[in-house]
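Dumped my_file.txt below, it's compact mmCIF, C-alpha atoms and all ligand atoms:
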```txt
# COMPACT_ATOMS: atom_id res chain seq x y z
CA MET H 1 195.08 -56.13 -13.59
CA ARG H 2 198.48 -55.16 -12.17
CA PRO H 3 198.08 -52.52 -9.41
CA ARG H 4 199.09 -49.06 -10.61
CA LEU H 5 202.29 -47.92 -8.94
CA ASP H 6 201.46 -44.78 -6.96
CA VAL H 7 204.75 -43.04 -6.16
CA TRP H 8 204.98 -39.80 -4.16
CA PHE H 9 207.90 -37.56 -3.22
CA THR H 10 207.51 -36.53 0.39
CA GLU H 11 209.42 -33.83 2.30
CA GLU H 12 209.07 -33.25 6.02
CA HIS H 13 208.36 -29.55 6.64
CA ALA H 14 208.00 -29.91 10.39
CA PRO H 15 207.69 -32.77 12.86
CA GLY H 16 204.21 -34.11 12.12
CA LEU H 17 203.89 -32.27 8.81
CA ARG H 18 204.75 -33.72 5.39
CA PHE H 19 204.39 -32.26 1.90
CA SER H 20 203.94 -34.78 -0.92
CA MET H 21 203.64 -34.63 -4.69
CA ARG H 22 202.88 -37.47 -7.09
CA VAL H 23 205.90 -38.63 -9.12
CA THR H 24 205.43 -39.89 -12.67
CA HIS H 25 209.11 -40.57 -13.47
CA GLU H 26 212.50 -40.52 -11.79
CA LEU H 27 214.63 -38.90 -14.49
CA VAL H 28 218.03 -39.04 -12.80
CA ARG H 29 219.50 -39.81 -9.39
CA ARG H 30 223.17 -39.78 -8.53
CA ARG H 31 225.47 -39.10 -5.61
CA SER H 32 228.16 -36.44 -6.03
CA ASP H 33 231.04 -35.78 -3.66
CA TYR H 34 228.72 -33.46 -1.73
CA GLN H 35 225.11 -34.63 -1.91
CA GLU H 36 222.56 -36.88 -3.56
CA ILE H 37 221.08 -35.22 -6.64
CA ALA H 38 217.77 -36.25 -8.21
CA VAL H 39 215.38 -34.84 -10.80
CA LEU H 40 211.82 -36.15 -10.67
CA GLU H 41 208.96 -35.60 -13.11
CA THR H 42 205.86 -34.77 -11.07
CA GLN H 43 202.18 -34.50 -11.99
CA GLU H 44 201.60 -31.01 -10.60
CA PHE H 45 204.96 -29.19 -10.53
CA GLY H 46 206.75 -30.56 -13.57
CA LYS H 47 210.40 -31.42 -13.12
CA VAL H 48 211.71 -31.02 -9.58
CA LEU H 49 215.34 -30.81 -8.38
CA ILE H 50 215.98 -32.61 -5.10
CA LEU H 51 219.25 -32.38 -3.12
CA ASP H 52 219.76 -34.82 -0.24
CA GLY H 53 216.02 -35.40 -0.19
CA TYR H 54 215.17 -31.69 0.02
CA LEU H 55 213.19 -29.92 -2.68
CA MET H 56 215.23 -27.15 -4.29
CA VAL H 57 213.30 -25.91 -7.31
CA THR H 58 210.30 -26.96 -9.40
CA GLU H 59 209.57 -26.05 -13.01
CA LYS H 60 206.18 -24.65 -12.02
CA ASP H 61 207.06 -22.20 -9.23
CA GLU H 62 210.82 -21.49 -9.56
CA PHE H 63 210.07 -18.23 -11.38
CA ILE H 64 208.78 -16.71 -8.13
CA TYR H 65 211.97 -17.36 -6.17
CA HIS H 66 214.38 -16.40 -8.96
CA GLU H 67 212.54 -13.21 -9.93
CA MET H 68 212.39 -12.07 -6.30
CA ILE H 69 216.04 -12.85 -5.52
CA VAL H 70 217.21 -10.81 -8.55
CA HIS H 71 214.76 -8.04 -9.54
CA VAL H 72 214.36 -6.58 -6.04
CA PRO H 73 218.03 -5.46 -5.76
CA LEU H 74 218.23 -4.59 -9.49
CA ALA H 75 215.29 -2.19 -9.10
CA VAL H 76 217.04 -0.37 -6.23
CA HIS H 77 220.77 -0.13 -7.00
CA PRO H 78 221.31 2.22 -9.95
CA ASP H 79 224.50 0.72 -11.36
CA ILE H 80 225.05 -3.02 -10.80
CA ARG H 81 227.85 -4.23 -13.07
CA ARG H 82 229.61 -7.05 -11.17
CA VAL H 83 227.50 -9.76 -9.50
CA LEU H 84 228.44 -12.81 -7.42
CA VAL H 85 226.01 -15.71 -6.96
CA ILE H 86 226.94 -18.16 -4.19
CA GLY H 87 225.18 -21.49 -4.73
CA GLY H 88 222.55 -21.14 -7.43
CA GLY H 89 223.94 -24.05 -9.45
CA ASP H 90 220.51 -24.66 -10.98
CA GLY H 91 221.05 -21.48 -13.00
CA GLY H 92 217.74 -19.76 -12.20
CA ALA H 93 219.28 -16.65 -10.62
CA VAL H 94 221.79 -16.33 -13.47
CA ARG H 95 218.97 -16.62 -16.01
CA GLU H 96 217.27 -13.59 -14.46
CA LEU H 97 220.54 -11.62 -14.10
CA VAL H 98 221.58 -11.91 -17.76
CA ARG H 99 218.35 -10.09 -18.73
CA TYR H 100 220.11 -6.87 -17.66
CA ASP H 101 222.44 -5.64 -20.40
CA THR H 102 224.04 -3.28 -17.88
CA ILE H 103 225.47 -6.23 -15.91
CA GLU H 104 229.01 -6.86 -17.17
CA GLU H 105 230.25 -9.82 -15.09
CA ILE H 106 228.57 -12.65 -13.17
CA ASP H 107 230.61 -15.05 -11.02
CA LEU H 108 228.72 -18.19 -10.01
CA VAL H 109 230.29 -20.16 -7.15
CA ASP H 110 228.77 -23.58 -6.54
CA ILE H 111 230.50 -26.28 -4.53
CA ASP H 112 229.11 -29.08 -6.68
CA PRO H 113 229.80 -29.37 -10.45
CA ASP H 114 227.38 -32.29 -10.64
CA VAL H 115 224.45 -29.98 -9.85
CA ILE H 116 225.27 -27.90 -12.90
CA ASP H 117 225.72 -31.00 -15.07
CA VAL H 118 222.35 -32.40 -13.98
CA CYS H 119 220.51 -29.08 -14.37
CA GLU H 120 221.96 -28.44 -17.84
CA ALA H 121 220.88 -31.94 -18.87
CA TRP H 122 217.44 -32.09 -17.25
CA LEU H 123 216.38 -28.53 -16.35
CA PRO H 124 217.38 -26.39 -19.35
CA GLN H 125 214.60 -23.87 -18.48
CA LEU H 126 216.74 -22.99 -15.47
CA ALA H 127 220.29 -23.64 -16.62
CA GLU H 128 220.03 -22.30 -20.16
CA LYS H 129 221.97 -19.07 -19.47
CA LEU H 130 224.86 -20.53 -17.47
CA ARG H 131 226.99 -20.37 -20.65
CA ASP H 132 226.30 -16.65 -21.23
CA PRO H 133 229.69 -15.02 -22.06
CA ARG H 134 229.40 -12.77 -18.98
CA VAL H 135 229.14 -15.79 -16.65
CA THR H 136 232.17 -17.43 -15.01
CA ILE H 137 231.46 -20.63 -13.09
CA HIS H 138 233.71 -21.47 -10.12
CA PHE H 139 233.48 -24.88 -8.44
CA ALA H 140 234.31 -23.93 -4.86
CA ASP H 141 233.01 -23.62 -1.33
CA GLY H 142 231.48 -20.16 -1.07
CA VAL H 143 233.07 -19.65 2.35
CA ARG H 144 236.58 -20.23 0.98
CA PHE H 145 235.89 -18.29 -2.20
CA MET H 146 234.89 -15.18 -0.24
CA ARG H 147 238.17 -15.21 1.64
CA GLN H 148 240.13 -14.57 -1.55
CA VAL H 149 237.88 -12.04 -3.31
CA SER H 150 240.11 -9.17 -4.53
CA ARG H 151 237.71 -7.07 -6.65
CA PRO H 152 234.45 -6.02 -4.91
CA TYR H 153 231.00 -6.83 -6.24
CA ASP H 154 228.02 -4.49 -6.55
CA LEU H 155 225.66 -7.36 -5.70
CA ILE H 156 226.15 -10.68 -3.91
CA ILE H 157 223.30 -13.21 -3.97
CA ILE H 158 223.46 -16.13 -1.57
CA ASP H 159 221.27 -18.74 -3.27
CA SER H 160 222.20 -21.60 -0.99
CA THR H 161 220.73 -24.80 0.32
CA ASP H 162 219.50 -24.85 3.91
CA PRO H 163 221.69 -24.14 6.96
CA PHE H 164 223.08 -27.67 7.32
CA GLY H 165 225.30 -29.95 5.25
CA PRO H 166 227.43 -28.21 2.62
CA GLY H 167 225.41 -25.01 3.00
CA GLU H 168 225.92 -24.60 6.74
CA GLY H 169 228.94 -22.32 6.42
CA LEU H 170 226.92 -19.86 4.32
CA PHE H 171 224.94 -18.76 7.39
CA THR H 172 227.86 -17.85 9.65
CA ARG H 173 229.13 -14.54 11.04
CA GLU H 174 232.49 -15.09 9.34
CA PHE H 175 230.90 -15.63 5.95
CA TYR H 176 228.64 -12.58 6.19
CA GLY H 177 231.66 -10.53 7.28
CA SER H 178 233.55 -11.61 4.18
CA CYS H 179 230.50 -10.81 2.01
CA HIS H 180 230.40 -7.32 3.56
CA ALA H 181 234.10 -6.90 2.78
CA GLY H 182 233.57 -8.25 -0.75
CA LEU H 183 230.97 -5.60 -1.64
CA THR H 184 231.53 -2.10 -3.06
CA GLU H 185 230.81 0.98 -0.93
CA ASP H 186 227.18 0.91 -2.06
CA GLY H 187 226.85 -2.86 -2.53
CA ILE H 188 223.83 -5.04 -1.74
CA LEU H 189 223.70 -8.56 -0.27
CA ILE H 190 220.64 -10.75 -0.87
CA ASN H 191 220.22 -14.05 0.95
CA GLN H 192 217.54 -16.70 0.94
CA HIS H 193 216.15 -16.33 4.43
CA GLU H 194 214.08 -19.49 4.84
CA SER H 195 210.66 -19.25 6.57
CA LEU H 196 209.80 -18.42 10.18
CA PHE H 197 206.43 -20.14 10.20
CA TYR H 198 207.69 -23.46 11.56
CA ASP H 199 210.18 -23.79 14.40
CA GLU H 200 212.92 -25.56 12.43
CA TYR H 201 214.84 -22.52 11.19
CA ARG H 202 213.31 -19.81 13.36
CA VAL H 203 216.23 -19.49 15.77
CA ALA H 204 218.86 -19.85 13.03
CA MET H 205 217.27 -17.18 10.84
CA ARG H 206 216.73 -14.77 13.73
CA ARG H 207 220.47 -15.12 14.38
CA VAL H 208 221.19 -14.51 10.67
CA HIS H 209 219.07 -11.36 10.69
CA ASP H 210 220.85 -10.12 13.79
CA ARG H 211 224.29 -10.81 12.29
CA LEU H 212 223.41 -8.92 9.12
CA GLY H 213 221.97 -6.04 11.18
CA ARG H 214 225.30 -5.70 13.00
CA LEU H 215 227.20 -5.53 9.69
CA PHE H 216 224.97 -3.45 7.40
CA PRO H 217 223.27 -0.07 8.01
CA VAL H 218 220.25 -1.37 6.10
CA ALA H 219 219.16 -4.94 6.93
CA ARG H 220 215.63 -5.73 5.83
CA VAL H 221 213.60 -8.85 5.08
CA TYR H 222 211.05 -9.31 2.31
CA GLN H 223 208.63 -12.06 1.40
CA ALA H 224 207.18 -14.08 -1.46
CA HIS H 225 204.61 -16.83 -1.79
CA ILE H 226 206.35 -20.01 -2.96
CA PRO H 227 203.91 -22.94 -2.90
CA THR H 228 206.47 -25.76 -2.65
CA TYR H 229 208.63 -24.27 0.11
CA PRO H 230 207.78 -24.97 3.77
CA SER H 231 204.66 -22.93 4.73
CA GLY H 232 204.67 -21.26 1.29
CA HIS H 233 205.65 -18.00 3.04
CA TRP H 234 209.29 -17.57 2.05
CA LEU H 235 211.67 -14.82 3.12
CA PHE H 236 214.68 -13.09 1.63
CA GLY H 237 217.27 -10.86 3.29
CA PHE H 238 218.11 -7.44 1.78
CA SER H 239 221.31 -6.02 3.35
CA SER H 240 222.79 -2.83 1.99
CA LYS H 241 225.65 -0.44 2.66
CA ARG H 242 223.70 2.51 1.32
CA TYR H 243 220.38 1.94 -0.45
CA ASP H 244 217.00 1.52 1.21
CA PRO H 245 214.87 -1.07 -0.65
CA LEU H 246 211.80 1.20 -0.59
CA LEU H 247 213.10 4.79 -0.47
CA ASP H 248 215.56 4.04 -3.30
CA LEU H 249 213.27 1.88 -5.41
CA ASP H 250 213.41 3.23 -8.97
CA ALA H 251 210.10 1.86 -10.24
CA GLU H 252 210.02 3.97 -13.40
CA GLY H 253 213.62 3.12 -14.23
CA TRP H 254 212.96 -0.59 -13.75
CA LEU H 255 209.78 -0.52 -15.84
CA ALA H 256 211.61 1.36 -18.58
CA ARG H 257 213.90 -1.67 -19.00
CA GLY H 258 210.92 -3.57 -20.41
CA ILE H 259 211.80 -6.82 -18.61
CA ARG H 260 208.76 -9.11 -18.76
CA THR H 261 208.21 -10.96 -15.48
CA ASN H 262 205.55 -13.35 -14.19
CA TYR H 263 205.74 -12.45 -10.50
CA TYR H 264 207.84 -9.34 -9.76
CA ASN H 265 206.58 -5.81 -10.27
CA PRO H 266 207.35 -2.55 -8.40
CA GLU H 267 204.03 -2.51 -6.51
CA LEU H 268 204.63 -6.05 -5.33
CA HIS H 269 208.20 -5.00 -4.41
CA ARG H 270 206.80 -2.41 -1.99
CA GLY H 271 204.32 -4.90 -0.53
CA ALA H 272 206.98 -7.60 -0.13
CA PHE H 273 208.62 -5.57 2.65
CA ALA H 274 205.32 -5.19 4.58
CA LEU H 275 205.87 -8.16 6.88
CA PRO H 276 203.31 -9.84 9.17
CA ASN H 277 203.57 -8.82 12.83
CA TYR H 278 204.64 -12.30 14.00
CA ILE H 279 207.66 -12.07 11.68
CA ARG H 280 208.49 -8.52 12.71
CA ARG H 281 208.41 -9.57 16.35
CA GLU H 282 210.62 -12.58 15.59
CA LEU H 283 213.16 -10.41 13.79
CA GLU H 284 212.90 -6.95 15.39
CA GLY H 285 212.26 -8.34 18.84
CA ASP H 286 215.87 -9.45 18.87
CA ARG H 287 216.95 -6.11 17.42
CA GLN H 288 214.84 -4.13 19.90
CA ALA H 289 216.35 -6.13 22.73
CA ARG H 290 219.81 -5.43 21.33
CA LEU H 291 219.10 -1.69 21.00
CA LYS H 292 218.07 -1.32 24.65
N1 LIG Z 301 216.86 -22.07 -4.53
C1 LIG Z 301 217.17 -23.24 -3.74
C2 LIG Z 301 216.70 -23.05 -2.33
O1 LIG Z 301 216.30 -21.94 -1.97
O2 LIG Z 301 216.72 -24.04 -1.60
C3 LIG Z 301 218.66 -23.52 -3.76
C4 LIG Z 301 219.28 -23.34 -5.09
S1 LIG Z 301 220.73 -24.16 -5.49
C5 LIG Z 301 220.20 -25.71 -6.03
C6 LIG Z 301 221.59 -24.42 -3.99
C7 LIG Z 301 223.04 -24.69 -4.34
O3 LIG Z 301 223.89 -24.39 -3.24
C8 LIG Z 301 223.35 -26.17 -4.69
O4 LIG Z 301 223.66 -26.27 -6.07
C9 LIG Z 301 224.53 -26.54 -3.80
O5 LIG Z 301 225.49 -27.35 -4.46
C10 LIG Z 301 225.07 -25.16 -3.45
N2 LIG Z 301 225.88 -25.10 -2.22
C11 LIG Z 301 225.63 -25.68 -1.03
N3 LIG Z 301 226.61 -25.39 -0.14
C12 LIG Z 301 227.50 -24.59 -0.81
C13 LIG Z 301 228.72 -23.95 -0.44
N4 LIG Z 301 229.23 -24.06 0.81
N5 LIG Z 301 229.36 -23.20 -1.37
C14 LIG Z 301 228.85 -23.06 -2.63
N6 LIG Z 301 227.70 -23.65 -3.03
C15 LIG Z 301 227.04 -24.41 -2.13
```

Structure encoded using structure tokens:
Amino acid sequence: MRPRLDVWFTEEHAPGLRFSMRVTHELVRRRSDYQEIAVLETQEFGKVLILDGYLMVTEKDEFIYHEMIVHVPLAVHPDIRRVLVIGGGDGGAVRELVRYDTIEEIDLVDIDPDVIDVCEAWLPQLAEKLRDPRVTIHFADGVRFMRQVSRPYDLIIIDSTDPFGPGEGLFTREFYGSCHAGLTEDGILINQHESLFYDEYRVAMRRVHDRLGRLFPVARVYQAHIPTYPSGHWLFGFSSKRYDPLLDLDAEGWLARGIRTNYYNPELHRGAFALPNYIRRELEGDRQARLK
């Protein structure tokens, strides 16, 4: 009997630590001008989007990330009408945004048109709302795009890859400064803030948190459990010119919208900002040192 092919996708989460999932089919793999793009069918997590060998989203747990990157700011800011998503070419953040009929315009800026092509073809669960009439897709580097923004946004979501390769510029002081300038007087910036559990991004993300704290009067971090991301303990940045993510949470107003979610709810929102001490020390330690 021919031996059964046993194929696994493996991602290194830290030196000496690998995360693997069994692959049943490779659905597509191609190289764009910016990165290698692949979609794999896996036994446990369904279809999985991989960029340059790094796991981006899986059918099974993407709802956690996309609900948390969108519903947290939407439950705080009372009047979000214009939204900018930087990155997010898989469409998951846009899918959650278009559920708000009060949002009038969504600009999506992704550097790589091939990501959108692949996701519309192979991951319709994510990309299905990219053609909503309120959505305008721009194929551009988010760093350059921010330099020419003329009308401010109420909400900017940085749904980027990790801080290297094409995404590296989306973690810089200059970029955050242009995001601050591109927001309204009461605007909110949300960024994917990696994880601090392993060493790889700890220094980079502490620097990010410090940069945002120098720009915004409110610079907080919140958490979610995302099984396929390194350590499973994933963080998001909440930076705001006016609103506090807990004091200004409008739980009743959000619930009254009747948006059905599978992860987000207002109680979880409050708990998401209750960070473990090791993370508070990593983040505030720098801030405390700066305040002395
Ligand atoms: N949710 C995923 C995560 O947390 O890793 C990432 C979502 S999405 C697939 C990331 C997107 O960022 C990709 O489509 C990539 O093309 C885009 N991207 C990377 N660098 C960029 C840049 N400088 N400007 C705009 N988009 C960029």

Please identify every residue of range 164-220 of chain H that has at least one atom no farther than 12 Å from an atom of range 83-98 of chain H, counting all atoms listed in the file, and for each give the shortest atom pair and the distance in Å to one decimal, arranged by chain then increasing number, as a tab-separated table.
```
residue	atom	partner	partner_atom	distance
H:Pro166	CA	H:Gly87	CA	10.2
H:Gly167	CA	H:Gly87	CA	8.5
H:Glu168	CA	H:Gly87	CA	11.9
H:Gly169	CA	H:Ile86	CA	11.6
H:Leu170	CA	H:Ile86	CA	8.7
H:Phe171	CA	H:Ile86	CA	11.8
H:Phe175	CA	H:Ile86	CA	11.2
H:Tyr176	CA	H:Ile86	CA	11.9
H:Cys179	CA	H:Leu84	CA	9.9
H:Gly182	CA	H:Leu84	CA	9.6
H:Leu183	CA	H:Val83	CA	9.5
H:Thr184	CA	H:Val83	CA	10.8
H:Gly187	CA	H:Val83	CA	9.8
H:Ile188	CA	H:Val83	CA	9.8
H:Leu189	CA	H:Leu84	CA	9.6
H:Ile190	CA	H:Val85	CA	9.5
H:Asn191	CA	H:Ile86	CA	9.4
H:Gln192	CA	H:Gly87	CA	10.7
```

Check the smallest atom-to-atom distance from each of H:His209, H:Arg220, H:Arg31, H:His180 to ligand LIG 301 (chain Z) using all atoms listed in the file, then report the winner.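 Among the listed residues, H:Arg31 lies closest to ligand LIG 301 (chain Z).
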
Let me make sure I understand: among H:Leu74, H:Ile37, H:Val218, H:Leu249, which one has the smallest atom-to-atom distance to ligand LIG 301 (chain Z) if we use only C-alpha atoms and all ligand atoms?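 Of H:Leu74, H:Ile37, H:Val218, H:Leu249, the one nearest ligand LIG 301 (chain Z), counting only C-alpha atoms and all ligand atoms, is H:Ile37.
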
Around all listed atoms of ligand LIG 301 (chain Z), padded 3 Å per side, what centre and edge lengths does the axis-aligned box have in Å to one decimal, as JSON?
```
{"center_x": 222.8, "center_y": -24.6, "center_z": -2.6, "size_x": 19.1, "size_y": 11.4, "size_z": 12.9}
```

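Our summary of the geometry notes that CA of Tyr34 in chain H is positioned 10.7 Å from CA of Asp141 in chain H.
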
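Distance-wise, CA of Asp112 in chain H and CA of Asp33 in chain H end up 7.6 Å apart.
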
So, counting all atoms listed in the file, which residue among H:Asp159, H:Glu59, H:Glu44, H:Asp154 is closest to Glu105 in chain H?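 Using all atoms listed in the file, the shortest distance to Glu105 in chain H belongs to H:Asp154.
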
Need the shell around range 198-204 of chain H: protein/DNA/RNA residues with any atom at most 9 Å away, counting only C-alpha atoms. Skip same-chain ones fewer than 6 positions apart. Format as a VMD selection string? chain H and resid 13 to 15 162 to 163 171 230 to 231 282

Kindly save the residues from that selection, with C-alpha atoms included, as a PDB file, in the frame of the given file.
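Output (part.pdb):
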```pdb
ATOM      1  CA  HIS H  13     208.360 -29.550   6.640  1.00  0.00           C
ATOM      2  CA  ALA H  14     208.000 -29.910  10.390  1.00  0.00           C
ATOM      3  CA  PRO H  15     207.690 -32.770  12.860  1.00  0.00           C
ATOM      4  CA  ASP H 162     219.500 -24.850   3.910  1.00  0.00           C
ATOM      5  CA  PRO H 163     221.690 -24.140   6.960  1.00  0.00           C
ATOM      6  CA  PHE H 171     224.940 -18.760   7.390  1.00  0.00           C
ATOM      7  CA  PRO H 230     207.780 -24.970   3.770  1.00  0.00           C
ATOM      8  CA  SER H 231     204.660 -22.930   4.730  1.00  0.00           C
ATOM      9  CA  GLU H 282     210.620 -12.580  15.590  1.00  0.00           C
TER      10      GLU H 282
END
```

I'd like to know which of H:Leu5, H:Cys119, H:Leu235, H:Leu155 is closest to Val57 in chain H, using all atoms listed in the file. H:Cys119

If you count all atoms listed in the file, the residue of H:Glu120, H:Ala274, H:Glu174, H:Thr228 closest to Phe19 in chain H turns out to be H:Thr228

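Proximity to Trp234 in chain H was assessed for H:Met68, H:Arg4, H:Ile103, H:Tyr264 counting all atoms listed in the file; the smallest distance is recorded for H:Met68.
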
Record the distance separating CA of Asp186 in chain H and CA of His77 in chain H, expressed in Å with one decimal. 8.2 Å
